[in-house]
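Undergrad: This is the content of protein07.csv (CSV, C-alpha atoms):
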```csv
chain,number,residue,atom,x,y,z
A,20,MET,CA,134.2,-71.9,32.6
A,21,THR,CA,131.5,-69.3,33.0
A,22,ASP,CA,131.3,-67.0,30.0
A,23,PRO,CA,132.7,-63.5,31.1
A,24,SER,CA,130.6,-61.9,28.3
A,25,ASP,CA,127.3,-63.0,30.0
A,26,LEU,CA,126.4,-60.1,32.4
A,27,PHE,CA,124.3,-62.4,34.6
A,28,ALA,CA,126.1,-65.6,34.3
A,29,THR,CA,126.9,-65.8,38.0
A,30,ILE,CA,124.7,-65.8,41.1
A,31,MET,CA,126.7,-62.8,42.4
A,32,ALA,CA,125.6,-60.8,39.3
A,33,ARG,CA,122.0,-61.9,39.4
A,34,GLU,CA,121.7,-61.1,43.1
A,35,THR,CA,123.4,-57.7,42.6
A,36,ALA,CA,120.8,-56.9,39.9
A,37,GLN,CA,118.0,-57.5,42.5
A,38,ALA,CA,119.1,-54.7,44.7
A,39,PRO,CA,117.1,-51.8,43.2
A,40,GLU,CA,113.8,-53.6,43.5
A,41,ARG,CA,114.6,-55.0,47.0
A,42,CYS,CA,115.6,-51.6,48.3
A,43,THR,CA,112.4,-50.0,46.9
A,44,GLN,CA,110.3,-52.6,48.6
A,45,GLN,CA,112.3,-52.2,51.8
A,46,LEU,CA,111.5,-48.5,52.1
A,47,ALA,CA,107.8,-49.2,51.9
A,48,ARG,CA,107.8,-52.2,54.2
A,49,ASN,CA,109.9,-50.4,56.9
A,50,ALA,CA,108.2,-47.0,56.8
A,51,ASP,CA,106.2,-47.3,60.0
A,52,LEU,CA,109.0,-49.2,61.8
A,53,MET,CA,111.6,-46.5,60.9
A,54,ARG,CA,109.3,-43.6,62.0
A,55,GLU,CA,108.8,-45.3,65.4
A,56,ALA,CA,112.5,-46.1,65.7
A,57,GLY,CA,113.4,-42.5,64.8
A,58,ALA,CA,111.0,-41.1,67.4
A,59,ARG,CA,112.3,-43.4,70.1
A,60,LEU,CA,115.9,-42.5,69.4
A,61,ARG,CA,115.2,-38.8,69.4
A,62,ALA,CA,113.5,-39.1,72.7
A,63,LEU,CA,116.4,-41.1,74.1
A,64,ALA,CA,118.8,-38.4,72.9
A,65,PRO,CA,121.9,-40.5,73.6
A,66,PRO,CA,125.4,-38.9,74.1
A,67,PHE,CA,126.8,-41.3,71.5
A,68,ALA,CA,126.0,-44.4,69.5
A,69,ALA,CA,128.0,-47.5,68.7
A,70,THR,CA,128.2,-50.1,66.0
A,71,LEU,CA,128.9,-53.9,66.1
A,72,ALA,CA,129.8,-55.8,63.0
A,73,ARG,CA,132.4,-57.7,61.0
A,74,GLY,CA,133.4,-58.1,57.3
A,75,SER,CA,131.1,-56.3,54.8
A,76,SER,CA,128.8,-55.4,57.6
A,77,ASP,CA,131.6,-53.5,59.3
A,78,HIS,CA,132.0,-51.4,56.2
A,79,ALA,CA,128.2,-50.7,56.4
A,80,ALA,CA,128.8,-49.8,60.1
A,81,ALA,CA,131.5,-47.3,59.0
A,82,PHE,CA,128.9,-45.8,56.6
A,83,ALA,CA,126.5,-45.5,59.5
A,84,LYS,CA,129.2,-43.6,61.5
A,85,VAL,CA,129.6,-41.0,58.7
A,86,LEU,CA,125.8,-40.6,58.4
A,87,LEU,CA,125.2,-40.3,62.2
A,88,GLU,CA,128.0,-37.8,62.7
A,89,THR,CA,127.3,-35.7,59.7
A,90,ARG,CA,123.5,-35.8,59.5
A,91,ALA,CA,122.5,-36.4,63.1
A,92,GLY,CA,125.4,-35.0,65.1
A,93,VAL,CA,125.8,-38.2,67.1
A,94,PRO,CA,129.4,-39.3,67.8
A,95,THR,CA,129.7,-43.0,66.9
A,96,LEU,CA,132.2,-45.6,67.8
A,97,SER,CA,133.0,-49.1,66.6
A,98,HIS,CA,132.6,-51.6,69.3
A,99,ALA,CA,134.9,-54.6,68.6
A,100,PRO,CA,132.9,-57.9,69.0
A,101,SER,CA,135.8,-59.5,70.9
A,102,ILE,CA,135.6,-56.9,73.7
A,103,GLY,CA,132.3,-58.4,74.8
A,104,SER,CA,132.5,-61.9,73.4
A,105,LEU,CA,136.0,-62.7,74.7
A,106,TYR,CA,137.0,-60.1,77.3
A,107,GLY,CA,133.5,-59.5,78.7
A,108,LEU,CA,134.4,-55.9,79.3
A,109,THR,CA,131.6,-54.0,77.7
A,110,SER,CA,131.5,-50.6,79.5
A,111,ALA,CA,128.7,-49.7,81.9
A,112,HIS,CA,128.7,-46.4,79.9
A,113,PHE,CA,126.6,-48.2,77.3
A,114,ARG,CA,123.5,-47.8,79.4
A,115,ASN,CA,120.8,-46.2,77.2
A,116,VAL,CA,123.2,-46.0,74.3
A,117,PRO,CA,122.1,-47.4,70.9
A,118,LEU,CA,124.2,-50.3,69.8
A,119,ILE,CA,123.6,-50.9,66.1
A,120,ALA,CA,124.5,-54.6,65.4
A,121,ILE,CA,124.7,-55.4,61.7
A,122,SER,CA,124.7,-58.9,60.4
A,123,GLN,CA,123.2,-60.3,57.2
A,124,SER,CA,122.7,-63.7,58.8
A,125,GLY,CA,122.2,-62.6,62.4
A,126,ARG,CA,123.9,-65.9,63.4
A,127,SER,CA,127.6,-65.0,64.0
A,128,PRO,CA,128.4,-66.2,67.5
A,129,ASP,CA,130.8,-63.4,68.3
A,130,LEU,CA,128.2,-60.7,67.4
A,131,ILE,CA,125.5,-62.4,69.4
A,132,ALA,CA,127.8,-62.8,72.5
A,133,ALA,CA,128.9,-59.2,72.3
A,134,ALA,CA,125.3,-58.0,71.8
A,135,GLN,CA,124.1,-60.0,74.8
A,136,ASP,CA,126.9,-58.5,77.0
A,137,ALA,CA,126.1,-55.0,75.8
A,138,LYS,CA,122.4,-55.5,76.6
A,139,ARG,CA,123.4,-56.6,80.1
A,140,GLN,CA,125.1,-53.2,80.5
A,141,GLY,CA,121.9,-51.4,79.4
A,142,ALA,CA,122.5,-50.8,75.7
A,143,LEU,CA,119.5,-50.3,73.4
A,144,LEU,CA,120.2,-53.0,70.8
A,145,ILE,CA,119.3,-52.3,67.2
A,146,ALA,CA,119.7,-55.3,64.9
A,147,ILE,CA,119.9,-54.8,61.2
A,148,VAL,CA,119.5,-58.2,59.6
A,149,ASN,CA,118.4,-60.0,56.5
A,150,ASP,CA,116.7,-62.8,58.5
A,151,ALA,CA,114.2,-61.5,61.0
A,152,GLU,CA,114.0,-65.0,62.6
A,153,ALA,CA,117.8,-65.0,63.4
A,154,PRO,CA,119.0,-65.1,67.0
A,155,LEU,CA,120.3,-61.6,66.8
A,156,ALA,CA,116.9,-60.3,65.6
A,157,HIS,CA,115.2,-62.0,68.6
A,158,LEU,CA,117.7,-60.4,71.0
A,159,ALA,CA,117.1,-56.9,69.7
A,160,ASP,CA,115.1,-54.1,71.2
A,161,ILE,CA,114.5,-52.8,67.7
A,162,CYS,CA,114.9,-55.2,64.8
A,163,ILE,CA,115.2,-53.7,61.3
A,164,PRO,CA,114.9,-56.3,58.5
A,165,ILE,CA,116.6,-55.3,55.2
A,166,HIS,CA,114.3,-57.5,53.1
A,167,ALA,CA,117.0,-58.3,50.6
A,168,GLY,CA,115.7,-61.8,50.1
A,169,PRO,CA,117.9,-65.0,50.1
A,170,GLU,CA,121.5,-64.4,49.1
A,171,THR,CA,123.4,-67.6,48.2
A,172,SER,CA,126.6,-66.2,46.7
A,173,VAL,CA,129.3,-66.1,49.3
A,174,ALA,CA,130.1,-62.5,48.4
A,175,ALA,CA,127.5,-60.2,49.9
A,176,THR,CA,126.1,-57.7,47.3
A,177,LYS,CA,122.4,-56.9,47.4
A,178,SER,CA,122.4,-57.4,51.2
A,179,PHE,CA,125.2,-54.9,51.6
A,180,ILE,CA,123.4,-52.3,49.5
A,181,ALA,CA,120.1,-53.0,51.3
A,182,THR,CA,121.9,-52.5,54.6
A,183,LEU,CA,123.2,-49.1,53.5
A,184,VAL,CA,119.7,-48.1,52.5
A,185,ALA,CA,118.2,-49.2,55.8
A,186,LEU,CA,120.9,-47.3,57.7
A,187,THR,CA,120.2,-44.2,55.6
A,188,HIS,CA,116.4,-44.6,56.3
A,189,LEU,CA,117.1,-44.9,60.1
A,190,VAL,CA,119.4,-41.9,60.3
A,191,ALA,CA,117.0,-39.8,58.2
A,192,GLU,CA,114.1,-40.5,60.6
A,193,TRP,CA,116.4,-40.2,63.7
A,194,SER,CA,117.8,-36.9,62.7
A,195,GLY,CA,114.6,-35.5,61.2
A,196,ASP,CA,116.5,-34.7,58.0
A,197,ASN,CA,113.7,-33.8,55.7
A,198,GLY,CA,116.0,-33.5,52.7
A,199,LEU,CA,117.3,-37.1,53.1
A,200,CYS,CA,113.8,-38.4,53.8
A,201,ASP,CA,112.6,-36.8,50.6
A,202,ALA,CA,115.6,-38.1,48.6
A,203,LEU,CA,115.1,-41.8,49.7
A,204,PRO,CA,112.2,-42.7,47.3
A,205,ALA,CA,114.7,-42.1,44.4
A,206,ILE,CA,116.9,-45.0,45.5
A,207,GLY,CA,115.2,-47.5,43.2
A,208,PRO,CA,115.8,-45.5,39.9
A,209,THR,CA,119.2,-44.4,41.2
A,210,LEU,CA,120.4,-48.0,41.8
A,211,GLN,CA,118.8,-49.1,38.5
A,212,GLY,CA,120.9,-46.4,36.7
A,213,ALA,CA,124.0,-47.5,38.6
A,214,LEU,CA,123.4,-51.1,37.6
A,215,ALA,CA,123.3,-50.1,34.0
A,216,ALA,CA,126.5,-48.0,34.3
A,217,ASP,CA,129.1,-50.3,32.8
A,218,TRP,CA,132.5,-50.3,34.7
A,219,ARG,CA,133.9,-53.3,32.9
A,220,GLY,CA,136.2,-51.0,30.9
A,221,ALA,CA,138.4,-51.2,34.0
A,222,VAL,CA,139.0,-54.9,33.6
A,223,PRO,CA,142.0,-54.7,31.3
A,224,LEU,CA,143.7,-52.3,33.7
A,225,LEU,CA,143.1,-54.7,36.6
A,226,LYS,CA,143.2,-58.2,35.1
A,227,ASP,CA,146.9,-58.8,36.0
A,228,ALA,CA,147.1,-56.7,39.1
A,229,ARG,CA,148.5,-58.3,42.3
A,230,ALA,CA,148.0,-55.3,44.5
A,231,MET,CA,146.3,-52.0,44.4
A,232,LEU,CA,144.9,-49.0,46.4
A,233,VAL,CA,141.2,-48.2,46.7
A,234,LEU,CA,140.4,-44.6,47.7
A,235,GLY,CA,137.4,-42.8,49.2
A,236,ARG,CA,136.6,-40.1,51.6
A,237,GLY,CA,133.6,-39.3,53.8
A,238,LEU,CA,130.7,-41.3,52.6
A,239,THR,CA,132.8,-43.1,50.0
A,240,LEU,CA,135.6,-44.3,52.3
A,241,PRO,CA,133.4,-47.2,53.6
A,242,ILE,CA,132.5,-48.0,49.9
A,243,ALA,CA,136.2,-48.1,49.2
A,244,GLY,CA,136.7,-50.5,52.1
A,245,GLU,CA,133.9,-52.8,50.8
A,246,ALA,CA,135.4,-52.7,47.3
A,247,ALA,CA,138.8,-53.6,48.6
A,248,LEU,CA,137.3,-56.6,50.5
A,249,LYS,CA,135.4,-57.8,47.4
A,250,LEU,CA,138.5,-57.5,45.3
A,251,LYS,CA,140.3,-59.8,47.8
A,252,GLU,CA,137.4,-62.2,48.1
A,253,THR,CA,136.5,-62.6,44.4
A,254,SER,CA,139.6,-61.8,42.5
A,255,ARG,CA,142.5,-62.5,44.9
A,256,VAL,CA,143.9,-59.0,44.5
A,257,HIS,CA,145.6,-57.5,47.5
A,258,ALA,CA,143.5,-54.3,47.6
A,259,GLU,CA,143.8,-51.9,50.5
A,260,ALA,CA,141.5,-49.0,51.2
A,261,PHE,CA,142.6,-45.6,52.3
A,262,SER,CA,141.2,-42.1,52.7
A,263,ILE,CA,141.9,-39.8,49.8
A,264,ALA,CA,143.4,-37.5,52.4
A,265,GLU,CA,145.3,-40.1,54.5
A,266,VAL,CA,146.9,-41.8,51.5
A,267,ALA,CA,149.4,-39.0,51.2
A,268,HIS,CA,150.7,-39.8,54.7
A,269,GLY,CA,152.8,-42.8,53.6
A,270,PRO,CA,150.8,-45.3,51.5
A,271,MET,CA,151.4,-43.3,48.3
A,272,THR,CA,155.0,-44.5,48.3
A,273,LEU,CA,153.6,-48.0,47.4
A,274,ILE,CA,152.4,-46.8,44.0
A,275,GLY,CA,154.6,-46.5,40.9
A,276,GLU,CA,154.5,-47.0,37.1
A,277,GLY,CA,151.6,-49.1,36.0
A,278,ASP,CA,150.1,-49.7,39.4
A,279,PRO,CA,146.3,-49.5,39.6
A,280,VAL,CA,144.4,-47.1,41.9
A,281,LEU,CA,140.6,-47.2,42.1
A,282,ALA,CA,139.0,-44.1,43.5
A,283,PHE,CA,135.4,-43.5,44.7
A,284,GLY,CA,134.9,-39.8,44.6
A,285,PRO,CA,132.5,-38.3,47.1
A,286,MET,CA,129.8,-35.8,45.9
A,287,ASP,CA,129.9,-33.5,48.9
A,288,VAL,CA,132.5,-31.4,50.7
A,289,ALA,CA,134.7,-34.5,51.2
A,290,ARG,CA,135.7,-34.2,47.5
A,291,GLU,CA,138.1,-31.4,48.5
A,292,GLY,CA,141.6,-32.2,47.1
A,293,MET,CA,140.5,-35.2,45.2
A,294,ARG,CA,141.5,-33.9,41.7
A,295,GLU,CA,145.0,-32.9,43.0
A,296,ARG,CA,145.5,-36.3,44.7
A,297,LEU,CA,144.6,-38.2,41.5
A,298,ALA,CA,146.9,-36.0,39.5
A,299,ASP,CA,149.7,-37.0,41.9
A,300,PHE,CA,149.1,-40.6,41.2
A,301,ARG,CA,149.0,-40.1,37.4
A,302,ALA,CA,152.3,-38.2,37.7
A,303,ARG,CA,153.8,-41.4,39.2
A,304,GLY,CA,152.6,-43.4,36.2
A,305,ALA,CA,149.7,-45.1,38.0
A,306,HIS,CA,146.7,-46.3,36.2
A,307,VAL,CA,144.0,-44.2,37.9
A,308,ILE,CA,140.4,-45.6,37.6
A,309,ALA,CA,137.9,-43.2,39.1
A,310,ALA,CA,134.2,-42.4,39.7
A,311,GLY,CA,133.0,-39.1,40.8
A,312,LEU,CA,132.2,-35.6,39.6
A,313,ASP,CA,133.6,-34.9,36.1
A,314,GLU,CA,135.8,-32.1,37.3
A,315,ASP,CA,137.4,-34.3,40.0
A,316,ILE,CA,138.2,-37.2,37.8
A,317,VAL,CA,139.3,-35.4,34.6
A,318,ASP,CA,142.9,-36.5,35.1
A,319,ALA,CA,142.0,-40.2,35.6
A,320,THR,CA,143.4,-42.9,33.2
A,321,LEU,CA,139.8,-44.2,33.1
A,322,ALA,CA,136.8,-42.1,34.2
A,323,LEU,CA,134.0,-44.5,35.2
A,324,PRO,CA,130.4,-43.7,34.3
A,325,GLY,CA,128.2,-42.4,37.0
A,326,VAL,CA,124.5,-41.6,37.6
A,327,ALA,CA,122.8,-38.4,38.8
A,328,ALA,CA,121.7,-38.7,42.4
A,329,VAL,CA,119.5,-36.3,44.4
A,330,ASP,CA,121.7,-36.6,47.5
A,331,PRO,CA,125.4,-37.5,48.1
A,332,VAL,CA,124.3,-40.4,50.3
A,333,LEU,CA,122.5,-42.0,47.4
A,334,ALA,CA,125.4,-41.2,45.1
A,335,ALA,CA,127.7,-43.2,47.3
A,336,ILE,CA,125.4,-46.2,47.5
A,337,ALA,CA,125.1,-46.0,43.7
A,338,GLN,CA,128.8,-46.4,43.3
A,339,VAL,CA,129.0,-49.7,45.1
A,340,GLN,CA,126.1,-50.9,43.0
A,341,SER,CA,128.1,-50.2,39.8
A,342,PHE,CA,131.3,-51.6,41.4
A,343,TYR,CA,129.8,-55.0,42.0
A,344,GLY,CA,129.5,-55.4,38.2
A,345,LEU,CA,133.2,-54.7,37.8
A,346,ALA,CA,134.1,-57.1,40.6
A,347,ASN,CA,132.1,-59.9,39.0
A,348,ALA,CA,133.6,-59.3,35.6
A,349,LEU,CA,137.2,-59.1,36.9
A,350,ALA,CA,136.9,-62.4,38.8
A,351,LEU,CA,135.7,-64.1,35.6
A,352,ALA,CA,138.4,-62.5,33.5
A,353,ARG,CA,141.0,-63.9,36.0
A,354,GLY,CA,139.5,-67.4,35.7
A,355,LEU,CA,137.9,-67.3,39.1
A,356,ASP,CA,134.4,-68.1,40.4
A,357,PRO,CA,133.1,-65.1,42.4
A,358,ASP,CA,130.2,-67.2,43.8
A,359,GLN,CA,132.5,-69.6,45.7
A,360,PRO,CA,135.8,-67.9,46.8
A,361,PRO,CA,138.1,-70.5,48.4
A,362,HIS,CA,138.2,-70.9,52.2
A,363,LEU,CA,135.2,-68.7,52.8
A,364,ALA,CA,131.6,-69.5,54.0
A,365,LYS,CA,128.4,-67.5,53.9
A,366,VAL,CA,128.2,-67.4,57.7
A,367,THR,CA,131.6,-66.8,59.4
A,368,ARG,CA,131.6,-68.3,62.8
A,369,THR,CA,134.2,-66.7,65.1
A,370,LEU,CA,134.2,-65.8,68.8
```
Translate the structure of the given file into structure tokens.

TA:
Amino acid sequence: MTDPSDLFATIMARETAQAPERCTQQLARNADLMREAGARLRALAPPFAATLARGSSDHAAAFAKVLLETRAGVPTLSHAPSIGSLYGLTSAHFRNVPLIAISQSGRSPDLIAAAQDAKRQGALLIAIVNDAEAPLAHLADICIPIHAGPETSVAATKSFIATLVALTHLVAEWSGDNGLCDALPAIGPTLQGALAADWRGAVPLLKDARAMLVLGRGLTLPIAGEAALKLKETSRVHAEAFSIAEVAHGPMTLIGEGDPVLAFGPMDVAREGMRERLADFRARGAHVIAAGLDEDIVDATLALPGVAAVDPVLAAIAQVQSFYGLANALALARGLDPDQPPHLAKVTRTL
């Protein structure tokens, strides 16, 4: 049995720890590529953008949607892979529309088939991949490598973080957001601080959990989605992600005395109403575990340590860096191997 007290006993933990350095290197290696891509996209001035992804990458795609809509003013839709790969019904309205295909491996057959179909309809294909030699990368009009390095744990960690950083870099250049461009060089120290922030204090509250809610809003809702997926994958907890706003429209009834709720607090205007919502859960007897601004999480059962970030985008990315340490520790505490979840493979082949 792997020793839960050893912070870096698993491949997942060791790969998570590589993210700060990999992301710092990525920014430097992709600088010229991102400037050129941003200029090309500004000149294209598309009416909307679309994303194409599955699994963790689809949570990264949801992050891209928030970024594009709030920072670039570009409406963004999620294009389901099966629409192109099975139905062959990609709309002709995709002509000259950026389709951002996100895949760590770049080898999933459904994504490749859907991307090919969209290109036939005239889409500008942007591939965000960890393997620049993958089929999806060769198909792309613009290929953006995330430079995360080999990732062998089944659960994606550093590749997910690196994908968020690449998307942030792309949107910063596309939108001409000087503030976000200026903030990006701080990603390495921010992630390093987040890596050191210890969230393992939440393990006793989650060790015996069978089901839980994971909350976020705005930039942190995709982080909540990724966290819920990882809790399912590595700890076999039925975790479901909801918006801090939307959870009041029904799902709150699922939570009662002793039930855990994990909340990722946004650092921008999306934090509106968060403190009140967490207080509602505490009043029901829930164990509320929360990260965010001090004033928003004052009513939490457990307030998780955070790091200072120069931009709310970097703050959201930092939260998932800290969360992966908790996910790893929780899996070990439950007697599970986070590197090899049952029934899963590194490359998921669907159509």

Undergrad: If we count only C-alpha atoms, what is near range 244-256 of chain A at a cut-off of 7 Å, once residues fewer than 4 positions away on the same chain are taken out, given as a compact mmCIF listing (two decimals) with C-alpha atoms, keeping the file's coordinate frame?

TA:
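Result written to out-v4.txt:
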```txt
# COMPACT_ATOMS: atom_id res chain seq x y z
CA SER A 75 131.10 -56.30 54.80
CA HIS A 78 132.00 -51.40 56.20
CA ALA A 228 147.10 -56.70 39.10
CA ARG A 229 148.50 -58.30 42.30
CA ALA A 230 148.00 -55.30 44.50
CA VAL A 233 141.20 -48.20 46.70
CA LEU A 240 135.60 -44.30 52.30
CA ALA A 260 141.50 -49.00 51.20
CA ALA A 346 134.10 -57.10 40.60
CA LEU A 349 137.20 -59.10 36.90
CA ALA A 350 136.90 -62.40 38.80
CA ARG A 353 141.00 -63.90 36.00
CA LEU A 355 137.90 -67.30 39.10
CA PRO A 357 133.10 -65.10 42.40
CA PRO A 360 135.80 -67.90 46.80
```

Undergrad: So that I can see what lies close to Arg219 in chain A, please list as a ChimeraX atom specification the residues with an atom at most 8 Å from it, counting only C-alpha atoms and leaving out residues fewer than 4 positions away in the same chain.

TA: /A:344-345,348-349

Undergrad: Taking all atoms listed in the file into account, which of A:Ala153, A:Ala337, A:Gly125, A:Val116 comes nearest Lys138 in chain A?

TA: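 That would be A:Val116, the residue with the smallest distance to Lys138 in chain A.
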
Undergrad: My list of candidates is A:Arg294, A:Arg41, A:Lys226, A:Arg303. Which is closest to His166 in chain A when distances are computed with only C-alpha atoms?

TA: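 Distance minimum relative to His166 in chain A lands on A:Arg41.
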
Undergrad: What is the CA of Arg48 in chain A to CA of Thr176 in chain A distance in Å?

TA: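 CA of Arg48 in chain A sits 20.3 Å away from CA of Thr176 in chain A.
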
Undergrad: Which of these, A:Leu321, A:Met31, A:Ile263, A:Leu312, has the shortest distance to Asp299 in chain A once you count all atoms listed in the file?

TA: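 Of A:Leu321, A:Met31, A:Ile263, A:Leu312, the one nearest Asp299 in chain A, counting all atoms listed in the file, is A:Ile263.
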
Undergrad: Considering all atoms listed in the file, can you say which of A:Leu186, A:Cys200, A:Glu40, A:His112 comes closest to Ala79 in chain A?

TA: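 Ranking A:Leu186, A:Cys200, A:Glu40, A:His112 by distance to Ala79 in chain A, first place goes to A:Leu186.
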
Undergrad: Taking (149.6, -51.0, 34.7) as a centre in this file's frame and 8 Å as the limit, can you find every polymer residue with an atom that close, using all atoms listed in the file, and give them as JSON, numbers by chain?

TA: {"A": [224, 225, 228, 276, 277, 278, 279, 305, 306]}

Undergrad: So that I can check the surroundings of Leu281 in chain A, please list as a short mmCIF file (atom, residue, chain, number, x, y, z; two decimals) with C-alpha atoms, in the coordinates of the input every protein, DNA and RNA residue that reaches within 8 Å of it, counting all atoms listed in the file and ignoring chain neighbours fewer than 4 positions away.

TA:
```cif
data_model
loop_
_atom_site.label_atom_id
_atom_site.label_comp_id
_atom_site.auth_asym_id
_atom_site.auth_seq_id
_atom_site.Cartn_x
_atom_site.Cartn_y
_atom_site.Cartn_z
CA MET A 231 146.30 -52.00 44.40
CA LEU A 232 144.90 -49.00 46.40
CA VAL A 233 141.20 -48.20 46.70
CA LEU A 234 140.40 -44.60 47.70
CA VAL A 307 144.00 -44.20 37.90
CA ILE A 308 140.40 -45.60 37.60
CA ALA A 309 137.90 -43.20 39.10
#
```

Undergrad: Have a look at CA of Asp330 in chain A and CA of Asp287 in chain A and let me know their distance in Å, one decimal.

TA: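 Value for the CA of Asp330 in chain A-CA of Asp287 in chain A distance: 8.9 Å.
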
Undergrad: Please determine, counting all atoms listed in the file, which residue among A:Gly141, A:Gly311, A:Gly92, A:Pro100 has the shortest atom-to-atom distance to Asp196 in chain A.

TA: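 Of all the options, A:Gly92 lies closest to Asp196 in chain A.
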
Undergrad: Please determine, counting only C-alpha atoms, which residue among A:Gly275, A:Gly237, A:Gly212, A:Gly74 has the shortest atom-to-atom distance to Leu86 in chain A.

TA: A:Gly237

Undergrad: So that I can see what lies close to Ala134 in chain A, please list as number ranges by chain the residues with an atom at most 12 Å from it, counting all atoms listed in the file and leaving out residues fewer than 2 positions away in the same chain.

TA: A: 69-72, 98-104, 107-109, 113, 117-122, 125-132, 136-146, 154-160

Undergrad: If I take CA of Ala38 in chain A and CA of Pro169 in chain A, how far is one from the other in Å, to one decimal?

TA: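 Distance between the two atoms: 11.7 Å.
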
Undergrad: Quick one: everything within 12 Å of Ala36 in chain A, counting only C-alpha atoms, minus sequence neighbours fewer than 6 positions away in the same chain. Send it as a list of chain:residue names.

TA: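 The residues satisfying every condition are A:Leu26, A:Phe27, A:Ala28, A:Thr29, A:Ile30, A:Cys42, A:Ala167, A:Glu170, A:Thr176, A:Lys177, A:Ser178, A:Ile180, A:Gly207, A:Leu210, A:Gln211, A:Gly212, A:Ala213, A:Leu214, A:Ala215, A:Ala216, A:Gln340, A:Ser341, A:Phe342, A:Tyr343, A:Gly344, A:Asn347.
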
Undergrad: With C-alpha atoms retained, export the selected residues as a PDB file, keeping the file's coordinate frame.

TA:
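Okay, this is what ended up in selection21.pdb:
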```
ATOM      1  CA  LEU A  26     126.400 -60.100  32.400  1.00  0.00           C
ATOM      2  CA  PHE A  27     124.300 -62.400  34.600  1.00  0.00           C
ATOM      3  CA  ALA A  28     126.100 -65.600  34.300  1.00  0.00           C
ATOM      4  CA  THR A  29     126.900 -65.800  38.000  1.00  0.00           C
ATOM      5  CA  ILE A  30     124.700 -65.800  41.100  1.00  0.00           C
ATOM      6  CA  CYS A  42     115.600 -51.600  48.300  1.00  0.00           C
ATOM      7  CA  ALA A 167     117.000 -58.300  50.600  1.00  0.00           C
ATOM      8  CA  GLU A 170     121.500 -64.400  49.100  1.00  0.00           C
ATOM      9  CA  THR A 176     126.100 -57.700  47.300  1.00  0.00           C
ATOM     10  CA  LYS A 177     122.400 -56.900  47.400  1.00  0.00           C
ATOM     11  CA  SER A 178     122.400 -57.400  51.200  1.00  0.00           C
ATOM     12  CA  ILE A 180     123.400 -52.300  49.500  1.00  0.00           C
ATOM     13  CA  GLY A 207     115.200 -47.500  43.200  1.00  0.00           C
ATOM     14  CA  LEU A 210     120.400 -48.000  41.800  1.00  0.00           C
ATOM     15  CA  GLN A 211     118.800 -49.100  38.500  1.00  0.00           C
ATOM     16  CA  GLY A 212     120.900 -46.400  36.700  1.00  0.00           C
ATOM     17  CA  ALA A 213     124.000 -47.500  38.600  1.00  0.00           C
ATOM     18  CA  LEU A 214     123.400 -51.100  37.600  1.00  0.00           C
ATOM     19  CA  ALA A 215     123.300 -50.100  34.000  1.00  0.00           C
ATOM     20  CA  ALA A 216     126.500 -48.000  34.300  1.00  0.00           C
ATOM     21  CA  GLN A 340     126.100 -50.900  43.000  1.00  0.00           C
ATOM     22  CA  SER A 341     128.100 -50.200  39.800  1.00  0.00           C
ATOM     23  CA  PHE A 342     131.300 -51.600  41.400  1.00  0.00           C
ATOM     24  CA  TYR A 343     129.800 -55.000  42.000  1.00  0.00           C
ATOM     25  CA  GLY A 344     129.500 -55.400  38.200  1.00  0.00           C
ATOM     26  CA  ASN A 347     132.100 -59.900  39.000  1.00  0.00           C
TER      27      ASN A 347
END
```
